[in-house]
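One structure is given below, encoded as C-alpha cells.
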Amino acid sequence: MKVGTAGSMAGICPSASPGLGLHPDDLPDGLVVADAAQRVTCFNAAAARITGLRPADAVGRPLESALPLEDLDGRRWWALTDPYGGLATRSGQPERNLLLPGGRQVLVSARYVRERPGGPVVRVVVQLRGTEARRRAERSHAELIATVAHELRSPLTSVKGFTATLLAKWERFTDDQKRLMLETVDADADRVTRLIAELLDISRIDSGRLEVRRQPVDMAAAVLRHVETYVRAGLPRDRFRLEVAEELPALWADPDKVDQVLGNLLENAVRHGEGRVTIEVSPAVTKARTEGTAVTVSDEGPGIPEESMARVFTRFWRGSKRGGTGLGLYIVKGIVEAHGGTITVGRAARGGAQFRFTLPVGAPAFLTQG
Ligand SMILES: Nc1ncnc2c1ncn2[C@@H]1O[C@H](COP(=O)(O)OP(=O)(O)OP(=O)(O)O)[C@@H](O)[C@H]1O
Ligand SMILES: [Mg+2]
C-alpha cells in the first residue's frame, strides 16, 4: 500500500538500518546527510516537504549549495559554521531558526560524525523541522492573552458599571440598594485580585520559578483548619468527613502552597460537587518509591465525566457554567509537582469526583544524611 498524501515527494536515501525496517522517509523530521566529500547522500521526504526543495536536485551536490541556509542576518550558514573544518572536537550545532532562499523558515540542527575522536568529519547529519510547532506555541500564547483579557474585563465592567451608576444617581437609591451594589463591586474587585494572583502563579509554574519553602507541615491539622473555615461560614459540620491515619510520615512542604492546594480541592468539592466531602490523609508510597503523605478528597456530586478527566488539569478548562476561571486545578497540579508529588483524578466510591495527591517527605538533606 502506498502511504502519503497526494503530491508528497519520496526522498532519496540509501535504505538505512534494514534490521529495523526503518527508512529515512519514515522519519517525522527532515533528514539530510552529506558524506566526507561534502556531497549530499540522503535527502528524505520530510526534508523535501519542509524545504520545498526536490531531493533529485539535492542529492550528489555539495551540501552548501544543495541546502543554502542563511541565518537571520543573511549570512551563509555552512560557511559560518564550517562543519568540515574548524576544531576537531566539535560534534555539531544546536537547533537554530534559519532561512532558505525565498524566506522559508526552518529549525536546523546538525551532528558531525567522526570515525575516531579528533578525526576528520566523515558525515554531517542535518535535522530539519518546520516552524509550525513554534507558531502553534505562539498562537496558544495569543489565545491565553485573549482569555485573560476577557476574564479580567467582565468583573471590571461590573465594577465600572456600579460605581458609575452610584456616582451619577447616589440620591436616588435606598441604603439597601447602595449596599447591594457596593457588595457586588467588592466581590468583583476580589475576583480580579484573585485572578491576578492566579495568573502570577501560572507564570511561575510555566517558567519553573515556583519556589517551594519547605518546613514541617501537619497535614491533618491543615485539613481541619480548612473544614473549620467552612463550618464557620455556615456549612453544616456533617458535610465533611475527615479520616486521618494514625501514623503519618513526617512531611516537609511549603505550608502556604499546601493550603492553596487544599483550599482549591475543597472549594471544588463544595462548589462543583454535592453531598458529603470525605478527606482522607494517609501514608503513601510516591512515584519515586519514597515515603510520603497522600490526601484524597472525594464528594458525592456528578463527578468528572470520563472523557474530560485528561483535561481537568489544563488551564481554563471548566466543566460547567458554575465553574470559576478554570485555573485552580492547573495551579494545584503545578504546586504538587513542584514538591515532587503527583495528583490524579478519578471517580469516588459513591459516584462523585475524587482527587488524590501525594507529597514525598521532602526532609532537608541535613536531616536525612549521617
Ligand atoms: N469535585 C468536582 N466535581 C465536579 N466537577 C469538578 C470538581 N472539581 C472540579 N470540577 C470541574 O473541573 C473544572 C476545573 O476546576 P478548577 O478548579 O481548575 O477551576 P474552577 O473551579 O472552575 O475555577 P477556579 O478554581 O480557577 O476558581 C471546574 O470548572 C469543574 O467543572
Ligand atoms: Mg477550582
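Numbering starts fresh at 1 for the residues of each chain in the C-alpha cells, the chains themselves are lettered A, B, ... in the order given, and ligands are numbered from 1 as they appear.
For A:Val244, the set of protein, DNA and RNA residues having any atom at most 8 Å away, when counting only C-alpha atoms and skipping those fewer than 6 positions along the same chain, is Ala220, Glu280, Val281 and Ser282 of chain A.
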- Shell around stretch 361-366 of chain A at 9 Å using only C-alpha atoms, local window under 3 positions removed, as a list in words: Arg214, Gln215, Pro216, Pro249, Ala250, Leu251, Trp252, Ala253, Thr290, Glu291, Gly292, Thr293, His339, Gly340, Gln369 and Gly370 of chain A
Each residue of chain A with at least one atom at most 7 Å from ligand 1 should appear once, together with its nearest atom pair and the corresponding distance in Å (one decimal); atoms considered: only C-alpha atoms and all ligand atoms; ordering: chain, then increasing residue number; output as a Markdown table.
| residue | atom | partner | partner_atom_place_in_ligand_line | distance |
| --- | --- | --- | --- | --- |
| A:Asn264 | CA | ligand 1 | 25 (O) | 6.0 |
| A:Leu265 | CA | ligand 1 | 8 (N) | 6.8 |
| A:Asn268 | CA | ligand 1 | 8 (N) | 4.4 |
| A:Ala269 | CA | ligand 1 | 1 (N) | 3.8 |
| A:His272 | CA | ligand 1 | 3 (N) | 4.4 |
| A:Gly273 | CA | ligand 1 | 3 (N) | 4.1 |
| A:Asp299 | CA | ligand 1 | 1 (N) | 6.2 |
| A:Gly301 | CA | ligand 1 | 3 (N) | 6.0 |
| A:Pro302 | CA | ligand 1 | 4 (C) | 5.9 |
| A:Gly303 | CA | ligand 1 | 4 (C) | 4.4 |
| A:Ile304 | CA | ligand 1 | 5 (N) | 5.1 |
| A:Val312 | CA | ligand 1 | 12 (O) | 5.3 |
| A:Phe313 | CA | ligand 1 | 18 (O) | 6.3 |
| A:Arg315 | CA | ligand 1 | 18 (O) | 6.8 |
| A:Phe316 | CA | ligand 1 | 18 (O) | 6.9 |
| A:Trp317 | CA | ligand 1 | 14 (C) | 5.5 |
| A:Arg318 | CA | ligand 1 | 29 (O) | 3.3 |
| A:Gly319 | CA | ligand 1 | 31 (O) | 3.1 |
| A:Ser320 | CA | ligand 1 | 31 (O) | 4.7 |
| A:Arg322 | CA | ligand 1 | 29 (O) | 6.7 |
| A:Gly323 | CA | ligand 1 | 22 (O) | 3.5 |
| A:Gly324 | CA | ligand 1 | 23 (O) | 3.3 |
| A:Thr325 | CA | ligand 1 | 26 (O) | 4.1 |
| A:Gly326 | CA | ligand 1 | 19 (O) | 3.1 |
| A:Leu327 | CA | ligand 1 | 26 (O) | 3.7 |
| A:Gly328 | CA | ligand 1 | 25 (O) | 3.3 |
| A:Leu329 | CA | ligand 1 | 18 (O) | 3.6 |
| A:Tyr330 | CA | ligand 1 | 18 (O) | 5.7 |
| A:Gly352 | CA | ligand 1 | 3 (N) | 6.4 |
| A:Ala353 | CA | ligand 1 | 1 (N) | 4.8 |
| A:Gln354 | CA | ligand 1 | 1 (N) | 6.8 |
Could you dump the residues just selected with C-alpha atoms as a PDB file, in the first residue's frame?
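Output contents, as saved in selection_13.pdb:
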ATOM      1  CA  ASN A 264      -8.879  24.588  45.870  1.00  0.00           C
ATOM      2  CA  LEU A 265      -9.738  20.904  46.143  1.00  0.00           C
ATOM      3  CA  ASN A 268     -14.193  22.453  44.127  1.00  0.00           C
ATOM      4  CA  ALA A 269     -15.770  19.627  46.119  1.00  0.00           C
ATOM      5  CA  HIS A 272     -18.879  21.642  41.896  1.00  0.00           C
ATOM      6  CA  GLY A 273     -19.687  18.532  43.931  1.00  0.00           C
ATOM      7  CA  ASP A 299     -17.509  14.109  47.041  1.00  0.00           C
ATOM      8  CA  GLY A 301     -21.716  15.036  43.198  1.00  0.00           C
ATOM      9  CA  PRO A 302     -21.872  14.387  39.456  1.00  0.00           C
ATOM     10  CA  GLY A 303     -18.108  13.813  39.257  1.00  0.00           C
ATOM     11  CA  ILE A 304     -15.937  14.492  36.247  1.00  0.00           C
ATOM     12  CA  VAL A 312      -9.265  18.938  34.199  1.00  0.00           C
ATOM     13  CA  PHE A 313      -5.675  19.904  34.943  1.00  0.00           C
ATOM     14  CA  ARG A 315      -5.689  25.842  32.267  1.00  0.00           C
ATOM     15  CA  PHE A 316      -9.043  27.487  31.689  1.00  0.00           C
ATOM     16  CA  TRP A 317     -10.867  24.181  31.433  1.00  0.00           C
ATOM     17  CA  ARG A 318     -14.196  24.243  33.234  1.00  0.00           C
ATOM     18  CA  GLY A 319     -16.857  21.638  33.035  1.00  0.00           C
ATOM     19  CA  SER A 320     -19.948  23.642  33.784  1.00  0.00           C
ATOM     20  CA  ARG A 322     -20.849  27.110  37.674  1.00  0.00           C
ATOM     21  CA  GLY A 323     -17.108  26.961  37.148  1.00  0.00           C
ATOM     22  CA  GLY A 324     -14.750  29.757  38.136  1.00  0.00           C
ATOM     23  CA  THR A 325     -11.849  30.620  35.850  1.00  0.00           C
ATOM     24  CA  GLY A 326     -10.672  27.045  35.441  1.00  0.00           C
ATOM     25  CA  LEU A 327      -7.187  27.810  36.706  1.00  0.00           C
ATOM     26  CA  GLY A 328      -7.477  26.191  40.141  1.00  0.00           C
ATOM     27  CA  LEU A 329      -6.555  22.635  39.236  1.00  0.00           C
ATOM     28  CA  TYR A 330      -3.786  23.721  36.876  1.00  0.00           C
ATOM     29  CA  GLY A 352     -18.579  11.884  42.757  1.00  0.00           C
ATOM     30  CA  ALA A 353     -15.183  13.250  41.858  1.00  0.00           C
ATOM     31  CA  GLN A 354     -12.105  12.018  43.655  1.00  0.00           C
TER      32      GLN A 354
END
- For A:Gln93, please output as a list in words all residues within 9 Å (counting only C-alpha atoms; exclusion window: fewer than 3 positions along the same chain).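 Listing them by chain and then by number gives Thr81, Pro83, Arg90, Arg96, Val108, Ser109, Ala110, Arg111 and Tyr112 of chain A.
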Expected file: the selected residues, N, CA and C atoms, as a compact mmCIF listing (two decimals), in the first residue's frame:
# COMPACT_ATOMS: atom_id res chain seq x y z
N THR A 81 29.55 28.10 9.85
CA THR A 81 29.77 27.06 10.87
C THR A 81 30.91 26.12 10.45
N PRO A 83 31.41 22.99 9.01
CA PRO A 83 31.36 21.69 9.70
C PRO A 83 32.58 20.80 9.41
N ARG A 90 34.60 19.58 17.78
CA ARG A 90 33.20 19.97 17.64
C ARG A 90 32.36 18.78 17.21
N ARG A 96 18.75 25.79 15.55
CA ARG A 96 18.65 27.22 15.23
C ARG A 96 17.50 27.44 14.28
N VAL A 108 16.98 24.07 12.35
CA VAL A 108 18.05 23.21 11.87
C VAL A 108 18.99 22.83 13.01
N SER A 109 19.30 21.54 13.10
CA SER A 109 20.40 21.14 13.98
C SER A 109 21.27 20.16 13.21
N ALA A 110 22.52 20.03 13.61
CA ALA A 110 23.44 19.18 12.85
C ALA A 110 24.36 18.40 13.77
N ARG A 111 24.74 17.23 13.30
CA ARG A 111 25.75 16.45 14.01
C ARG A 111 26.90 16.16 13.07
N TYR A 112 28.12 16.31 13.60
CA TYR A 112 29.29 16.00 12.80
C TYR A 112 29.79 14.63 13.25
- Item | helix (DSSP H, G or I) positions in stretch 93-194 of chain A, given as an NGL selection string | :A and (132-172 or 175-194)
- Item | Who sits within 7 Å of A:Gly119, only C-alpha atoms, same chain under 4 positions skipped, as a list of chain:residue names | A:Ala88, A:Arg114, A:Glu115
- Message: Just to confirm, what's the straight-line distance from atom CA of A:Arg129 to atom CA of A:Gly21 in Å (one decimal)?
- Response: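 If I compute the distance from atom CA of A:Arg129 to atom CA of A:Gly21, I get 22.9 Å.
Nearest residue to ligand 2 among A:Ser154, A:Thr314, A:Thr368, A:Thr41 is A:Thr314, counting only C-alpha atoms and all ligand atoms.
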- Do you know which residues are at most 12 Å from A:Pro155 counting only C-alpha atoms, after dropping those on the same chain fewer than 3 positions away, and could you put them as a ChimeraX atom specification? /A:148-152,158-162,184-195,325
Limited to C-alpha atoms, could you put the picked residues into a file as an mmCIF file, in the first residue's frame?
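For reference, out.cif as written:
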data_model
loop_
_atom_site.group_PDB
_atom_site.id
_atom_site.type_symbol
_atom_site.label_atom_id
_atom_site.label_comp_id
_atom_site.auth_asym_id
_atom_site.auth_seq_id
_atom_site.Cartn_x
_atom_site.Cartn_y
_atom_site.Cartn_z
ATOM 1 C CA VAL A 148 -7.085 36.554 30.362
ATOM 2 C CA ALA A 149 -8.242 39.884 28.978
ATOM 3 C CA HIS A 150 -11.756 38.536 28.712
ATOM 4 C CA GLU A 151 -11.717 37.150 32.255
ATOM 5 C CA LEU A 152 -10.482 40.460 33.635
ATOM 6 C CA SER A 158 -19.395 45.380 36.621
ATOM 7 C CA VAL A 159 -17.201 47.447 38.959
ATOM 8 C CA LYS A 160 -17.222 50.314 36.496
ATOM 9 C CA GLY A 161 -20.978 49.999 35.869
ATOM 10 C CA PHE A 162 -21.993 50.038 39.515
ATOM 11 C CA THR A 184 -21.119 43.371 44.186
ATOM 12 C CA VAL A 185 -18.301 45.808 43.491
ATOM 13 C CA ASP A 186 -16.423 44.408 46.477
ATOM 14 C CA ALA A 187 -16.854 40.804 45.302
ATOM 15 C CA ASP A 188 -15.813 41.665 41.744
ATOM 16 C CA ALA A 189 -12.724 43.505 42.955
ATOM 17 C CA ASP A 190 -11.834 40.362 44.936
ATOM 18 C CA ARG A 191 -12.295 38.321 41.792
ATOM 19 C CA VAL A 192 -9.872 40.500 39.852
ATOM 20 C CA THR A 193 -7.299 40.326 42.646
ATOM 21 C CA ARG A 194 -7.623 36.566 42.825
ATOM 22 C CA LEU A 195 -7.373 36.185 39.084
ATOM 23 C CA THR A 325 -11.849 30.620 35.850
#
- Item | Counting only C-alpha atoms and all ligand atoms, the option among A:Glu267, A:Asp175, A:Asp206, A:Glu306 closest to ligand 2 | A:Glu267
- Interatomic distance, atom CA of A:Arg76 to atom CA of A:Arg116 (Å, one decimal): 28.5 Å
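Here atom CA of A:Glu95 and atom CA of A:Leu210 stand 27.5 Å from one another.
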- If you run DSSP over the backbone, which residues in stretch 242-361 of chain A end up strand (DSSP E)? Put them as a PyMOL selection string. chain A and resi 242-244+252-253+277-285+291-298+342-347+353-360
Exercise: A:Pro101 partners within 8 Å, only C-alpha atoms, chain neighbours under 2 positions left out, as a PDB file with C-alpha atoms, in the first residue's frame:
ATOM      1  CA  PRO A  68      21.618  27.021   1.019  1.00  0.00           C
ATOM      2  CA  LEU A  69      20.723  28.032   4.562  1.00  0.00           C
ATOM      3  CA  GLU A  70      21.193  31.531   5.891  1.00  0.00           C
ATOM      4  CA  LEU A  99      16.104  30.747   6.475  1.00  0.00           C
ATOM      5  CA  GLY A 103      12.289  33.334   3.208  1.00  0.00           C
ATOM      6  CA  ARG A 104      11.074  29.904   4.282  1.00  0.00           C
TER       7      ARG A 104
END
